[in-house]
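> My file is final17.cif. It has mmCIF, C-alpha atoms, pLDDT in the B column; chains and numbers go by the auth columns:
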```cif
data_upload
#
loop_
_atom_site.group_PDB
_atom_site.id
_atom_site.type_symbol
_atom_site.label_atom_id
_atom_site.label_comp_id
_atom_site.label_asym_id
_atom_site.label_seq_id
_atom_site.Cartn_x
_atom_site.Cartn_y
_atom_site.Cartn_z
_atom_site.B_iso_or_equiv
_atom_site.auth_seq_id
_atom_site.auth_asym_id
ATOM 1 C CA ASP A 1 -53.258 227.519 59.710 44.00 1 A
ATOM 2 C CA ALA A 2 -51.477 230.706 58.839 50.00 2 A
ATOM 3 C CA LYS A 3 -48.274 231.152 60.775 84.00 3 A
ATOM 4 C CA THR A 4 -47.961 234.849 60.059 92.00 4 A
ATOM 5 C CA THR A 5 -50.069 237.956 60.732 93.00 5 A
ATOM 6 C CA GLN A 6 -50.003 240.980 58.453 96.00 6 A
ATOM 7 C CA PRO A 7 -52.100 244.143 58.181 97.00 7 A
ATOM 8 C CA THR A 8 -54.780 243.878 55.547 95.00 8 A
ATOM 9 C CA SER A 9 -53.827 247.025 53.671 97.00 9 A
ATOM 10 C CA MET A 10 -51.433 249.970 53.683 97.00 10 A
ATOM 11 C CA ASP A 11 -50.905 253.123 51.664 97.00 11 A
ATOM 12 C CA CYS A 12 -47.576 254.732 50.870 96.00 12 A
ATOM 13 C CA ALA A 13 -46.683 257.923 49.015 97.00 13 A
ATOM 14 C CA GLU A 14 -44.620 257.489 45.898 97.00 14 A
ATOM 15 C CA GLY A 15 -40.926 258.021 46.585 96.00 15 A
ATOM 16 C CA ARG A 16 -41.260 257.316 50.294 96.00 16 A
ATOM 17 C CA ALA A 17 -40.190 254.160 52.076 97.00 17 A
ATOM 18 C CA ALA A 18 -42.832 251.487 52.474 97.00 18 A
ATOM 19 C CA ASN A 19 -42.517 249.516 55.708 98.00 19 A
ATOM 20 C CA LEU A 20 -44.559 246.320 55.778 98.00 20 A
ATOM 21 C CA PRO A 21 -44.726 244.526 59.146 97.00 21 A
ATOM 22 C CA CYS A 22 -45.220 240.841 59.795 96.00 22 A
ATOM 23 C CA ASN A 23 -45.701 238.925 63.041 95.00 23 A
ATOM 24 C CA HIS A 24 -44.517 235.336 63.255 93.00 24 A
ATOM 25 C CA SER A 25 -44.452 234.667 66.974 92.00 25 A
ATOM 26 C CA THR A 26 -44.415 230.865 66.623 89.00 26 A
ATOM 27 C CA ILE A 27 -41.427 230.733 64.273 89.00 27 A
ATOM 28 C CA SER A 28 -39.017 227.922 65.055 86.00 28 A
ATOM 29 C CA GLY A 29 -35.240 228.040 65.007 84.00 29 A
ATOM 30 C CA ASN A 30 -34.724 226.592 61.535 83.00 30 A
ATOM 31 C CA GLU A 31 -37.497 228.499 59.783 86.00 31 A
ATOM 32 C CA TYR A 32 -36.757 231.243 57.311 88.00 32 A
ATOM 33 C CA VAL A 33 -38.850 234.347 56.704 91.00 33 A
ATOM 34 C CA TYR A 34 -39.755 234.826 53.041 92.00 34 A
ATOM 35 C CA TRP A 35 -41.424 237.703 51.306 95.00 35 A
ATOM 36 C CA TYR A 36 -43.243 237.436 48.013 95.00 36 A
ATOM 37 C CA ARG A 37 -45.431 239.877 46.186 96.00 37 A
ATOM 38 C CA GLN A 38 -48.250 239.468 43.703 95.00 38 A
ATOM 39 C CA ILE A 39 -48.862 242.262 41.250 94.00 39 A
ATOM 40 C CA HIS A 40 -52.427 242.392 40.009 88.00 40 A
ATOM 41 C CA SER A 41 -53.318 238.793 39.109 84.00 41 A
ATOM 42 C CA GLN A 42 -49.860 237.589 38.131 92.00 42 A
ATOM 43 C CA GLY A 43 -48.004 234.727 39.768 94.00 43 A
ATOM 44 C CA PRO A 44 -46.259 235.651 43.037 94.00 44 A
ATOM 45 C CA GLN A 45 -42.706 236.940 42.770 94.00 45 A
ATOM 46 C CA TYR A 46 -39.941 236.257 45.275 93.00 46 A
ATOM 47 C CA ILE A 47 -38.526 239.369 46.961 95.00 47 A
ATOM 48 C CA ILE A 48 -36.204 238.404 49.784 94.00 48 A
ATOM 49 C CA HIS A 49 -35.667 235.943 52.609 91.00 49 A
ATOM 50 C CA GLY A 50 -33.761 235.812 55.901 91.00 50 A
ATOM 51 C CA LEU A 51 -33.047 233.608 58.889 90.00 51 A
ATOM 52 C CA LYS A 52 -31.933 235.945 61.662 90.00 52 A
ATOM 53 C CA ASN A 53 -29.717 238.608 60.162 88.00 53 A
ATOM 54 C CA ASN A 54 -31.015 241.637 58.321 94.00 54 A
ATOM 55 C CA GLU A 55 -30.850 241.238 54.576 95.00 55 A
ATOM 56 C CA THR A 56 -30.768 243.612 51.629 96.00 56 A
ATOM 57 C CA ASN A 57 -30.973 243.078 47.910 94.00 57 A
ATOM 58 C CA GLU A 58 -31.749 245.229 44.895 93.00 58 A
ATOM 59 C CA MET A 59 -35.472 245.142 45.600 93.00 59 A
ATOM 60 C CA ALA A 60 -35.835 245.506 49.353 97.00 60 A
ATOM 61 C CA SER A 61 -34.474 245.178 52.860 97.00 61 A
ATOM 62 C CA LEU A 62 -35.630 242.728 55.490 97.00 62 A
ATOM 63 C CA ILE A 63 -35.326 243.579 59.159 97.00 63 A
ATOM 64 C CA ILE A 64 -35.853 240.682 61.587 96.00 64 A
ATOM 65 C CA THR A 65 -36.156 241.370 65.306 96.00 65 A
ATOM 66 C CA GLU A 66 -33.654 239.767 67.637 94.00 66 A
ATOM 67 C CA ASP A 67 -36.248 237.351 69.040 94.00 67 A
ATOM 68 C CA ARG A 68 -37.303 236.577 65.426 94.00 68 A
ATOM 69 C CA LYS A 69 -40.970 236.971 66.293 94.00 69 A
ATOM 70 C CA SER A 70 -41.543 239.744 63.810 95.00 70 A
ATOM 71 C CA SER A 71 -40.013 241.289 60.726 96.00 71 A
ATOM 72 C CA THR A 72 -40.389 244.297 58.452 97.00 72 A
ATOM 73 C CA LEU A 73 -40.006 244.456 54.709 98.00 73 A
ATOM 74 C CA ILE A 74 -38.749 247.826 53.545 98.00 74 A
ATOM 75 C CA LEU A 75 -39.133 249.131 50.006 97.00 75 A
ATOM 76 C CA PRO A 76 -36.810 252.138 50.219 96.00 76 A
ATOM 77 C CA HIS A 77 -38.336 254.309 47.480 95.00 77 A
ATOM 78 C CA ALA A 78 -41.764 253.024 46.586 96.00 78 A
ATOM 79 C CA THR A 79 -42.998 253.507 43.031 96.00 79 A
ATOM 80 C CA LEU A 80 -46.438 253.012 41.511 96.00 80 A
ATOM 81 C CA ARG A 81 -45.207 249.686 40.165 95.00 81 A
ATOM 82 C CA ASP A 82 -44.775 248.441 43.740 97.00 82 A
ATOM 83 C CA THR A 83 -48.553 248.434 44.220 97.00 83 A
ATOM 84 C CA ALA A 84 -49.230 244.762 44.974 97.00 84 A
ATOM 85 C CA VAL A 85 -50.192 242.232 47.616 96.00 85 A
ATOM 86 C CA TYR A 86 -47.197 241.348 49.789 97.00 86 A
ATOM 87 C CA TYR A 87 -47.020 237.958 51.485 95.00 87 A
ATOM 88 C CA CYS A 88 -44.882 237.140 54.485 95.00 88 A
ATOM 89 C CA ILE A 89 -44.260 233.398 54.828 91.00 89 A
ATOM 90 C CA VAL A 90 -42.264 231.296 57.243 89.00 90 A
ATOM 91 C CA GLY A 91 -40.827 227.959 56.204 82.00 91 A
ATOM 92 C CA SER A 92 -38.021 225.604 57.017 74.00 92 A
ATOM 93 C CA GLY A 93 -36.548 225.385 53.563 58.00 93 A
ATOM 94 C CA THR A 94 -38.837 222.561 52.597 61.00 94 A
ATOM 95 C CA TYR A 95 -41.740 223.317 50.356 65.00 95 A
ATOM 96 C CA LYS A 96 -45.003 223.662 52.199 72.00 96 A
ATOM 97 C CA TYR A 97 -45.486 227.372 52.199 80.00 97 A
ATOM 98 C CA ILE A 98 -48.631 228.718 53.810 81.00 98 A
ATOM 99 C CA PHE A 99 -49.778 231.880 52.118 83.00 99 A
ATOM 100 C CA GLY A 100 -52.029 234.085 54.225 84.00 100 A
ATOM 101 C CA THR A 101 -54.049 236.912 52.714 86.00 101 A
ATOM 102 C CA GLY A 102 -51.072 239.274 52.729 93.00 102 A
ATOM 103 C CA THR A 103 -50.915 243.075 52.856 97.00 103 A
ATOM 104 C CA ARG A 104 -52.367 245.033 49.990 96.00 104 A
ATOM 105 C CA LEU A 105 -49.946 247.925 49.441 98.00 105 A
ATOM 106 C CA LYS A 106 -51.176 250.875 47.449 97.00 106 A
ATOM 107 C CA VAL A 107 -48.574 253.396 46.355 97.00 107 A
ATOM 108 C CA LEU A 108 -50.128 256.808 45.865 96.00 108 A
ATOM 109 C CA ALA A 109 -48.952 259.367 43.301 94.00 109 A
ATOM 110 C CA ASN B 1 -35.193 230.479 29.773 74.00 1 G
ATOM 111 C CA ALA B 2 -38.958 230.640 29.556 82.00 2 G
ATOM 112 C CA GLY B 3 -39.220 229.781 33.260 93.00 3 G
ATOM 113 C CA VAL B 4 -42.556 228.247 34.268 97.00 4 G
ATOM 114 C CA THR B 5 -45.201 228.117 31.575 97.00 5 G
ATOM 115 C CA GLN B 6 -48.860 227.185 32.001 98.00 6 G
ATOM 116 C CA THR B 7 -51.553 226.360 29.511 97.00 7 G
ATOM 117 C CA PRO B 8 -54.296 227.254 28.933 97.00 8 G
ATOM 118 C CA LYS B 9 -54.522 230.830 30.213 96.00 9 G
ATOM 119 C CA PHE B 10 -58.300 230.700 30.508 96.00 10 G
ATOM 120 C CA ARG B 11 -60.875 227.920 30.451 96.00 11 G
ATOM 121 C CA ILE B 12 -64.588 227.546 31.056 97.00 12 G
ATOM 122 C CA LEU B 13 -65.842 224.088 31.986 97.00 13 G
ATOM 123 C CA LYS B 14 -69.277 222.666 32.533 97.00 14 G
ATOM 124 C CA ILE B 15 -70.031 220.788 35.736 97.00 15 G
ATOM 125 C CA GLY B 16 -68.833 217.202 35.449 96.00 16 G
ATOM 126 C CA GLN B 17 -66.352 217.820 32.653 97.00 17 G
ATOM 127 C CA SER B 18 -62.710 216.986 33.048 96.00 18 G
ATOM 128 C CA MET B 19 -59.533 218.730 31.956 96.00 19 G
ATOM 129 C CA THR B 20 -55.793 218.834 32.442 97.00 20 G
ATOM 130 C CA LEU B 21 -53.898 221.984 33.319 98.00 21 G
ATOM 131 C CA GLN B 22 -50.407 221.861 31.879 98.00 22 G
ATOM 132 C CA CYS B 23 -47.266 223.128 33.598 98.00 23 G
ATOM 133 C CA THR B 24 -43.715 223.018 32.242 98.00 24 G
ATOM 134 C CA GLN B 25 -40.470 224.441 33.596 97.00 25 G
ATOM 135 C CA ASP B 26 -37.117 224.661 31.809 95.00 26 G
ATOM 136 C CA MET B 27 -34.911 225.394 34.816 93.00 27 G
ATOM 137 C CA ASN B 28 -34.207 221.757 35.704 92.00 28 G
ATOM 138 C CA HIS B 29 -35.893 222.232 39.075 91.00 29 G
ATOM 139 C CA ASN B 30 -36.647 219.156 41.111 91.00 30 G
ATOM 140 C CA TYR B 31 -39.523 220.612 43.118 91.00 31 G
ATOM 141 C CA MET B 32 -42.827 221.554 41.542 94.00 32 G
ATOM 142 C CA TYR B 33 -46.112 222.726 43.063 94.00 33 G
ATOM 143 C CA TRP B 34 -49.724 223.433 42.241 96.00 34 G
ATOM 144 C CA TYR B 35 -51.646 226.148 44.063 96.00 35 G
ATOM 145 C CA ARG B 36 -55.126 227.544 43.749 96.00 36 G
ATOM 146 C CA GLN B 37 -56.145 231.080 44.594 95.00 37 G
ATOM 147 C CA ASP B 38 -59.749 232.006 45.213 94.00 38 G
ATOM 148 C CA PRO B 39 -60.807 235.668 44.898 87.00 39 G
ATOM 149 C CA GLY B 40 -59.350 237.866 47.637 84.00 40 G
ATOM 150 C CA MET B 41 -57.547 234.956 49.247 88.00 41 G
ATOM 151 C CA GLY B 42 -54.005 233.687 49.498 88.00 42 G
ATOM 152 C CA LEU B 43 -52.657 230.677 47.656 91.00 43 G
ATOM 153 C CA LYS B 44 -53.427 227.168 48.862 93.00 44 G
ATOM 154 C CA LEU B 45 -51.194 224.225 48.030 92.00 45 G
ATOM 155 C CA ILE B 46 -52.960 221.439 46.128 95.00 46 G
ATOM 156 C CA TYR B 47 -50.171 218.997 45.308 95.00 47 G
ATOM 157 C CA TYR B 48 -46.412 219.057 45.133 93.00 48 G
ATOM 158 C CA SER B 49 -43.597 216.913 43.764 93.00 49 G
ATOM 159 C CA VAL B 50 -39.980 216.563 44.868 90.00 50 G
ATOM 160 C CA GLY B 51 -38.898 214.840 41.681 91.00 51 G
ATOM 161 C CA ALA B 52 -39.985 212.690 38.779 93.00 52 G
ATOM 162 C CA GLY B 53 -42.230 209.880 39.975 94.00 53 G
ATOM 163 C CA ILE B 54 -42.825 211.391 43.423 94.00 54 G
ATOM 164 C CA THR B 55 -45.917 213.396 44.335 95.00 55 G
ATOM 165 C CA ASP B 56 -47.738 214.224 47.544 93.00 56 G
ATOM 166 C CA LYS B 57 -50.857 216.013 48.736 93.00 57 G
ATOM 167 C CA GLY B 58 -50.946 219.574 49.943 91.00 58 G
ATOM 168 C CA GLU B 59 -53.675 221.394 51.858 89.00 59 G
ATOM 169 C CA VAL B 60 -56.550 221.011 49.360 94.00 60 G
ATOM 170 C CA PRO B 61 -56.036 217.912 47.156 96.00 61 G
ATOM 171 C CA ASN B 62 -59.646 216.696 46.894 96.00 62 G
ATOM 172 C CA GLY B 63 -60.960 216.687 43.342 96.00 63 G
ATOM 173 C CA TYR B 64 -57.509 216.806 41.747 97.00 64 G
ATOM 174 C CA ASN B 65 -54.842 214.406 40.580 97.00 65 G
ATOM 175 C CA VAL B 66 -51.263 214.906 39.462 97.00 66 G
ATOM 176 C CA SER B 67 -48.463 212.977 37.834 95.00 67 G
ATOM 177 C CA ARG B 68 -44.767 213.672 37.352 97.00 68 G
ATOM 178 C CA SER B 69 -43.245 211.491 34.680 96.00 69 G
ATOM 179 C CA THR B 70 -40.492 213.972 33.756 96.00 70 G
ATOM 180 C CA THR B 71 -38.552 216.681 35.554 95.00 71 G
ATOM 181 C CA GLU B 72 -40.025 219.340 33.279 96.00 72 G
ATOM 182 C CA ASP B 73 -43.749 218.597 33.393 97.00 73 G
ATOM 183 C CA PHE B 74 -46.272 218.525 36.222 98.00 74 G
ATOM 184 C CA PRO B 75 -49.859 218.349 34.904 98.00 75 G
ATOM 185 C CA LEU B 76 -52.890 218.824 37.162 98.00 76 G
ATOM 186 C CA ARG B 77 -56.008 216.824 36.357 97.00 77 G
ATOM 187 C CA LEU B 78 -59.584 217.731 37.286 96.00 78 G
ATOM 188 C CA GLU B 79 -61.788 214.692 36.811 89.00 79 G
ATOM 189 C CA LEU B 80 -65.325 215.913 37.611 94.00 80 G
ATOM 190 C CA ALA B 81 -65.346 219.677 37.598 95.00 81 G
ATOM 191 C CA ALA B 82 -67.447 221.397 40.258 96.00 82 G
ATOM 192 C CA PRO B 83 -68.284 225.092 40.746 96.00 83 G
ATOM 193 C CA SER B 84 -66.121 225.056 43.892 96.00 84 G
ATOM 194 C CA GLN B 85 -63.101 224.533 41.644 97.00 85 G
ATOM 195 C CA THR B 86 -63.569 227.921 40.009 96.00 86 G
ATOM 196 C CA SER B 87 -60.260 229.564 40.824 97.00 87 G
ATOM 197 C CA VAL B 88 -56.927 230.717 39.484 97.00 88 G
ATOM 198 C CA TYR B 89 -54.363 227.931 39.390 98.00 89 G
ATOM 199 C CA PHE B 90 -50.658 228.619 39.723 97.00 90 G
ATOM 200 C CA CYS B 91 -47.839 226.226 39.076 97.00 91 G
ATOM 201 C CA ALA B 92 -44.423 226.843 40.636 95.00 92 G
ATOM 202 C CA SER B 93 -41.005 225.228 40.782 93.00 93 G
ATOM 203 C CA SER B 94 -37.927 225.467 42.955 89.00 94 G
ATOM 204 C CA PRO B 95 -34.415 224.009 42.920 86.00 95 G
ATOM 205 C CA ARG B 96 -33.372 221.236 45.274 74.00 96 G
ATOM 206 C CA THR B 97 -30.027 222.735 46.235 67.00 97 G
ATOM 207 C CA GLY B 98 -29.618 225.423 48.852 65.00 98 G
ATOM 208 C CA ASN B 99 -31.039 225.941 52.299 61.00 99 G
ATOM 209 C CA HIS B 100 -34.014 227.881 51.122 63.00 100 G
ATOM 210 C CA LYS B 101 -36.495 227.185 48.412 68.00 101 G
ATOM 211 C CA GLU B 102 -37.296 230.244 46.351 83.00 102 G
ATOM 212 C CA GLN B 103 -40.318 229.357 44.266 89.00 103 G
ATOM 213 C CA PHE B 104 -40.735 230.528 40.688 92.00 104 G
ATOM 214 C CA PHE B 105 -44.350 230.913 39.629 95.00 105 G
ATOM 215 C CA GLY B 106 -46.089 230.627 36.292 97.00 106 G
ATOM 216 C CA PRO B 107 -48.638 233.174 35.015 96.00 107 G
ATOM 217 C CA GLY B 108 -51.653 231.147 36.114 97.00 108 G
ATOM 218 C CA THR B 109 -54.704 229.484 34.556 97.00 109 G
ATOM 219 C CA ARG B 110 -58.088 231.068 35.195 97.00 110 G
ATOM 220 C CA LEU B 111 -60.719 228.363 35.412 97.00 111 G
ATOM 221 C CA THR B 112 -64.474 228.880 35.623 96.00 112 G
ATOM 222 C CA VAL B 113 -66.841 225.962 36.209 96.00 113 G
ATOM 223 C CA LEU B 114 -70.474 226.620 35.335 95.00 114 G
#
```
Represent the structure contained in this file as structure tokens.


Amino acid sequence: DAKTTQPTSMDCAEGRAANLPCNHSTISGNEYVYWYRQIHSQGPQYIIHGLKNNETNEMASLIITEDRKSSTLILPHATLRDTAVYYCIVGSGTYKYIFGTGTRLKVLA
Amino acid sequence: NAGVTQTPKFRILKIGQSMTLQCTQDMNHNYMYWYRQDPGMGLKLIYYSVGAGITDKGEVPNGYNVSRSTTEDFPLRLELAAPSQTSVYFCASSPRTGNHKEQFFGPGTRLTVL
């Protein structure tokens, strides 16, 4: 059973920020939020993770609501190479990730 | 570091044949995983291992077997291939240390069973 809900697809103009939402209303206190992406048919690639604070790295920012029931992945300046399927996953730091169908992001020139 | 490598990249099997999908990682990771991905779907966990000699079932283990005799290798065995096993198979690994488990994925093996 998927523990997260994401929109099926989104478009974003090149150079603009891409904001990808994720609902995880049943998240428990020790579960992290992870984001991965899968470009074309390659293996998924880790982007970022967080517990309750907002996080930023060289790829993206992760905003987690105060009640932790939802989060948003932000790609600040989307490029064509960011076109991919983005997966939001919750997990407790063990290993049994449940991948849903993700959000298919298309960056438009 | 080569990371996670998988062989073969592509394979076509006939129904009832068997094969082994190879997975090797050179990052000294304790955890290793096998996933399958059907067209248009997310990844489903088949088997995982927390270290050499220890394996356990994931969501969809039927029709598969695994072994973990070394830290580096985690082969996936299909004994009697069926059309339902047509899929892309991804191997992944993650370190044991740390509170979170970032997984590093291989490039995948595309398997067709006819």

> Could you put an axis-aligned box around every listed atom of range 9-26 of chain A, padded by 8 Å on each side, and send me its centre and edge lengths in Å to one decimal, as AutoDock Vina command-line options?


```
--center_x -47.0 --center_y 244.4 --center_z 56.4 --size_x 29.6 --size_y 43.2 --size_z 37.1
```

> I'd like the residues picked by the PyMOL selection byres ((chain A and resi 33-50) around 8) written out as a VMD selection string, using the chain letters and numbers from the file.

(chain A and resid 31 to 32 51 to 57 59 to 62 64 73 82 to 91) or (chain G and resid 90 102 to 108)

> Which residues would end up in the selection if the PyMOL selection byres ((chain G and resi 29) around 7) were applied here, given that I need the answer as a list in words?

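Answer for the PyMOL selection byres ((chain G and resi 29) around 7): Met27, Asn28, Asn30, Tyr31, Ser93, Ser94, Pro95 and Arg96 of chain G.
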
> Take the selection from the previous step and output its residues with C-alpha atoms, as an mmCIF file, in the frame of the given file.


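The resulting file, part39.cif, is reproduced below:
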```
data_model
loop_
_atom_site.group_PDB
_atom_site.id
_atom_site.type_symbol
_atom_site.label_atom_id
_atom_site.label_comp_id
_atom_site.auth_asym_id
_atom_site.auth_seq_id
_atom_site.Cartn_x
_atom_site.Cartn_y
_atom_site.Cartn_z
ATOM 1 C CA MET G 27 -34.911 225.394 34.816
ATOM 2 C CA ASN G 28 -34.207 221.757 35.704
ATOM 3 C CA ASN G 30 -36.647 219.156 41.111
ATOM 4 C CA TYR G 31 -39.523 220.612 43.118
ATOM 5 C CA SER G 93 -41.005 225.228 40.782
ATOM 6 C CA SER G 94 -37.927 225.467 42.955
ATOM 7 C CA PRO G 95 -34.415 224.009 42.920
ATOM 8 C CA ARG G 96 -33.372 221.236 45.274
#
```

> Just give me the residues with any atom within 9 Å of (-55.1, 217.8, 32.6), file coordinates, counting only C-alpha atoms, written as a PyMOL selection string.

chain G and resi 18-22+65-66+75-79

> Applying the PyMOL selection byres ((chain A and resi 76) around 9) to the file I just gave you, which residues come out? Please list them as a list in words.

Gly15, Arg16, Ala17, Ala18, Asn19, Met59, Ala60, Ser61, Ile74, Leu75, His77 and Ala78 of chain A

> Return the single residue from G:Ser49, G:Thr71, G:Thr86, G:Asn62 that is closest to chain A, with distances computed using only C-alpha atoms.

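Closest to chain A of all the choices is G:Ser49.
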
> Can you work out which one of G:Val113, G:Val4, G:Ile15, G:Val60 has the shortest atom-to-atom distance to Tyr35 in chain G, counting all atoms listed in the file?

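With all atoms listed in the file as the atom set, the closest residue is G:Val60.
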
> Please measure the separation of CA of Gly42 in chain G and CA of Thr70 in chain G, giving the value in Å to one decimal.

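Spanning CA of Gly42 in chain G to CA of Thr70 in chain G is a straight-line distance of 28.6 Å.
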
> Could you tell me how far CA of Ser87 in chain G lies from CA of Ala52 in chain G, in Å and to one decimal?

26.5 Å

> Write out as a list in words each polymer residue whose atoms come within 12 Å of Pro7 in chain A, counting only C-alpha atoms; drop sequence neighbours fewer than 4 positions from it.

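The neighbour list is Asp11, Asn19, Leu20, Pro21, Cys22, Asn23, Thr72, Val85, Tyr86, Tyr87, Cys88, Gly100, Thr101, Gly102, Thr103, Arg104 and Leu105 of chain A.
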
> Restricting the calculation to all atoms listed in the file, which member of G:Gln37, G:Thr112, G:Thr24, G:Ser69 is positioned closest to chain A?

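Among G:Gln37, G:Thr112, G:Thr24, G:Ser69, it is G:Gln37 that comes nearest to chain A.
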
> State, in Å with one decimal place, the distance from CA of Arg36 in chain G to CA of Val88 in chain G.

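If I compute the distance from CA of Arg36 in chain G to CA of Val88 in chain G, I get 5.6 Å.
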
> Here is a test: counting all atoms listed in the file, which residue of G:Ile54, G:Leu80, G:Ile12, G:Met32 is nearest to chain A?

G:Met32

> Which residue is closest to chain A? Choose from G:Ala92, G:Leu43, G:Val50, G:Leu114 and count all atoms listed in the file.

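So, comparing all the options, the nearest one is G:Leu43.
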